Amino acid sequence: MPHVQSAIAVFAQLLSLVPKSIFSKLSRQHKPKRAPRTFSQWSHFVHLLHAQLAGCKSLRDGVMGMNAASNRLYHLGVKPVPRSTFADANNTRPCAMFEALFGELYTRCLSQAPKHKFSFKNKLLSLDASVIDLCLTLFPWAKFRTAKGGIKVHTVIDHDGYLPAVVTVTEAKCHEVNIAKLLKLPKGSIVVFDRGYNDYMWFRQLCKSDVFLVTRLKSNARFRVIERNRTDRATGVTPDHIIQVADGEKTMTLRRVGYRDQETGKCFDFLTNHMTLPARTIADIYKERWQIEIFFRFIKQNLKIKSFLGNSKNVVLSKVYVALIAYLLLAYQKFISKIGISLHYLARLAQRNLFQQCEILDLVDPRRERLKPSNSSRRSLLTYPDRTEGG
């Protein structure tokens, strides 16, 4: 894989965050059946990543965008490629390569990520799944309902930096709990999920693995109160009970925490196997689960998942994992640069200035550019006004 110079263009700076040694190792482990002669695995990855970051809507759009910047591709270690070659690579080169690269980059990115906002030291994870609709006529392998196709993206979000830690893509008809039971979560971690994952057999599995859970109590759940803890209603906590829930002929001891939102007046019942955390913290943990919904919204709005570069399952999975890699690279750049804007605005800036020859920080803060020595050949930058984190 060629050397990537990090100060040439915005795209090159993002690509420089992918270690050459890791990519070369994965390339050897996931060789395609037919060895590439001119279109290397690195070139394939760069073209796919460009399609994501630039917001390309089709195969033709992606190839045209790269060809338009052909005089700048040398520094990326790639060359313009015919559309047919790109399409053939998408269909034949295994998506497992990009899945493995996603896992490696998550570990690398996590080392720079800020810790979650709670005082406890346990790893905090959120678990959920989102369906991406597909046209059944074009994607017959992704049958969901009678006249509807789709895939389901099962995701575990690490609240240290709100990074996707584990992502599994299945057909949309696959139930969330079936995938959840296959997860190997870190010992002592706290995983939060909605009522769609309510399965007492899985809860037992989590308890045996020393994993804590936080979820909503189903309205029709059968349980018996065996102990009542003191509560401070000023915090919004109503009951704090140790209960036994019915699991067929067996019972299971869990904790029920009631909470009343002072702004909306709505009442919630939470279920957990963590017996020592303050009741209000349990309620706040579940509220933090909303971050995984924000992640799904970002992926669908900013990265091109619904428009694919082909119709085969391999193409779709490759596109999804490259989209996740794009998310990690943007997050990693945000962490190491300490950029005070949201990922949404950083993604927009990168999209509009992908081949601009400037530092990424200059896009975020145009004042840095004005303080530098003037350069008449430097093109003006497309920038957003300053925004604080949280957008």
# chains A, B, ... in the order shown; residues from 1 in each chain; ligands from 1
$ residues_around --residues "A:Val225" --least-positions-apart "5" --cutoff "12 Å" --atoms "only C-alpha atoms" --output "PyMOL selection string"
chain A and resi 239-246+252-257
$ closest_atom_pairs --of "stretch 229-291 of chain A" --to "stretch 194-213 of chain A" --cutoff "9 Å" --atoms "only C-alpha atoms" --output "CSV"
residue,atom,partner,partner_atom,distance
A:Val245,CA,A:Tyr200,CA,8.9
A:Ala246,CA,A:Tyr200,CA,8.8
A:Asp247,CA,A:Tyr200,CA,6.4
A:Met252,CA,A:Tyr200,CA,8.0
A:Leu271,CA,A:Leu213,CA,7.8
A:Thr272,CA,A:Leu213,CA,5.3
A:Asn273,CA,A:Phe212,CA,5.9
A:His274,CA,A:Phe212,CA,5.9
A:Tyr286,CA,A:Asp194,CA,8.6
A:Arg289,CA,A:Asp194,CA,8.4
$ write_last_selection --atoms "C-alpha atoms" --output "compact mmCIF listing (two decimals), in the first residue's frame"
# COMPACT_ATOMS: atom_id res chain seq x y z
CA VAL A 245 -40.15 -11.90 38.22
CA ALA A 246 -41.84 -14.97 36.83
CA ASP A 247 -39.84 -16.87 34.20
CA MET A 252 -35.50 -14.35 38.93
CA LEU A 271 -35.48 -3.18 35.41
CA THR A 272 -31.90 -3.92 36.40
CA ASN A 273 -29.73 -6.50 38.12
CA HIS A 274 -27.45 -3.81 39.59
CA TYR A 286 -31.64 4.48 30.47
CA ARG A 289 -29.68 5.06 25.68
$ closest_residue --among "A:Pro278, A:Gly248, A:Pro19, A:Pro32" --to "A:Thr235" --atoms "only C-alpha atoms"
A:Pro278
$ closest_residue --among "A:Lys33, A:Gln356, A:Asn311, A:Val214" --to "A:Cys135" --atoms "only C-alpha atoms"
A:Asn311
$ atom_distance --atom1 "atom CA of A:Asn71" --atom2 "atom CA of A:Asp362"
22.7 Å
$ closest_residue --among "A:Val78, A:Ser126, A:Leu15, A:Glu171" --to "A:Arg145" --atoms "only C-alpha atoms"
A:Glu171
$ select_by_dssp --residues "stretch 178-373 of chain A" --states "strand (DSSP E or B)" --output "ChimeraX atom specification"
/A:190-192,212-216,223-228,237-247,250-260,267-272
$ closest_residue --among "A:Ser24, A:Ser312, A:Thr168, A:Thr215" --to "A:Asn91" --atoms "only C-alpha atoms"
A:Ser312
$ residues_around --residues "A:Met66" --least-positions-apart "6" --cutoff "12 Å" --atoms "only C-alpha atoms" --output "VMD selection string"
chain A and resid 11 43 to 44 46 to 51 53 to 54 56 59 to 60 72 to 74 76 78 to 83 86 354 to 355
$ closest_atom_pairs --of "stretch 84-183 of chain A" --to "stretch 319-341 of chain A" --cutoff "8 Å" --atoms "only C-alpha atoms" --output "JSON lines"
{"residue": "A:Cys95", "atom": "CA", "partner": "A:Tyr321", "partner_atom": "CA", "distance": 7.9}
{"residue": "A:Phe98", "atom": "CA", "partner": "A:Tyr321", "partner_atom": "CA", "distance": 5.8}
{"residue": "A:Glu99", "atom": "CA", "partner": "A:Tyr321", "partner_atom": "CA", "distance": 5.7}
{"residue": "A:Leu101", "atom": "CA", "partner": "A:Ile325", "partner_atom": "CA", "distance": 7.7}
{"residue": "A:Phe102", "atom": "CA", "partner": "A:Ile325", "partner_atom": "CA", "distance": 5.4}
{"residue": "A:Leu105", "atom": "CA", "partner": "A:Leu328", "partner_atom": "CA", "distance": 7.0}
{"residue": "A:Tyr106", "atom": "CA", "partner": "A:Leu328", "partner_atom": "CA", "distance": 6.7}
{"residue": "A:Cys109", "atom": "CA", "partner": "A:Tyr332", "partner_atom": "CA", "distance": 5.4}
{"residue": "A:Gln112", "atom": "CA", "partner": "A:Phe335", "partner_atom": "CA", "distance": 6.1}
{"residue": "A:Ala113", "atom": "CA", "partner": "A:Phe335", "partner_atom": "CA", "distance": 6.2}
{"residue": "A:Pro114", "atom": "CA", "partner": "A:Phe335", "partner_atom": "CA", "distance": 7.8}
{"residue": "A:Leu163", "atom": "CA", "partner": "A:Leu328", "partner_atom": "CA", "distance": 7.2}
{"residue": "A:Pro164", "atom": "CA", "partner": "A:Leu324", "partner_atom": "CA", "distance": 7.8}
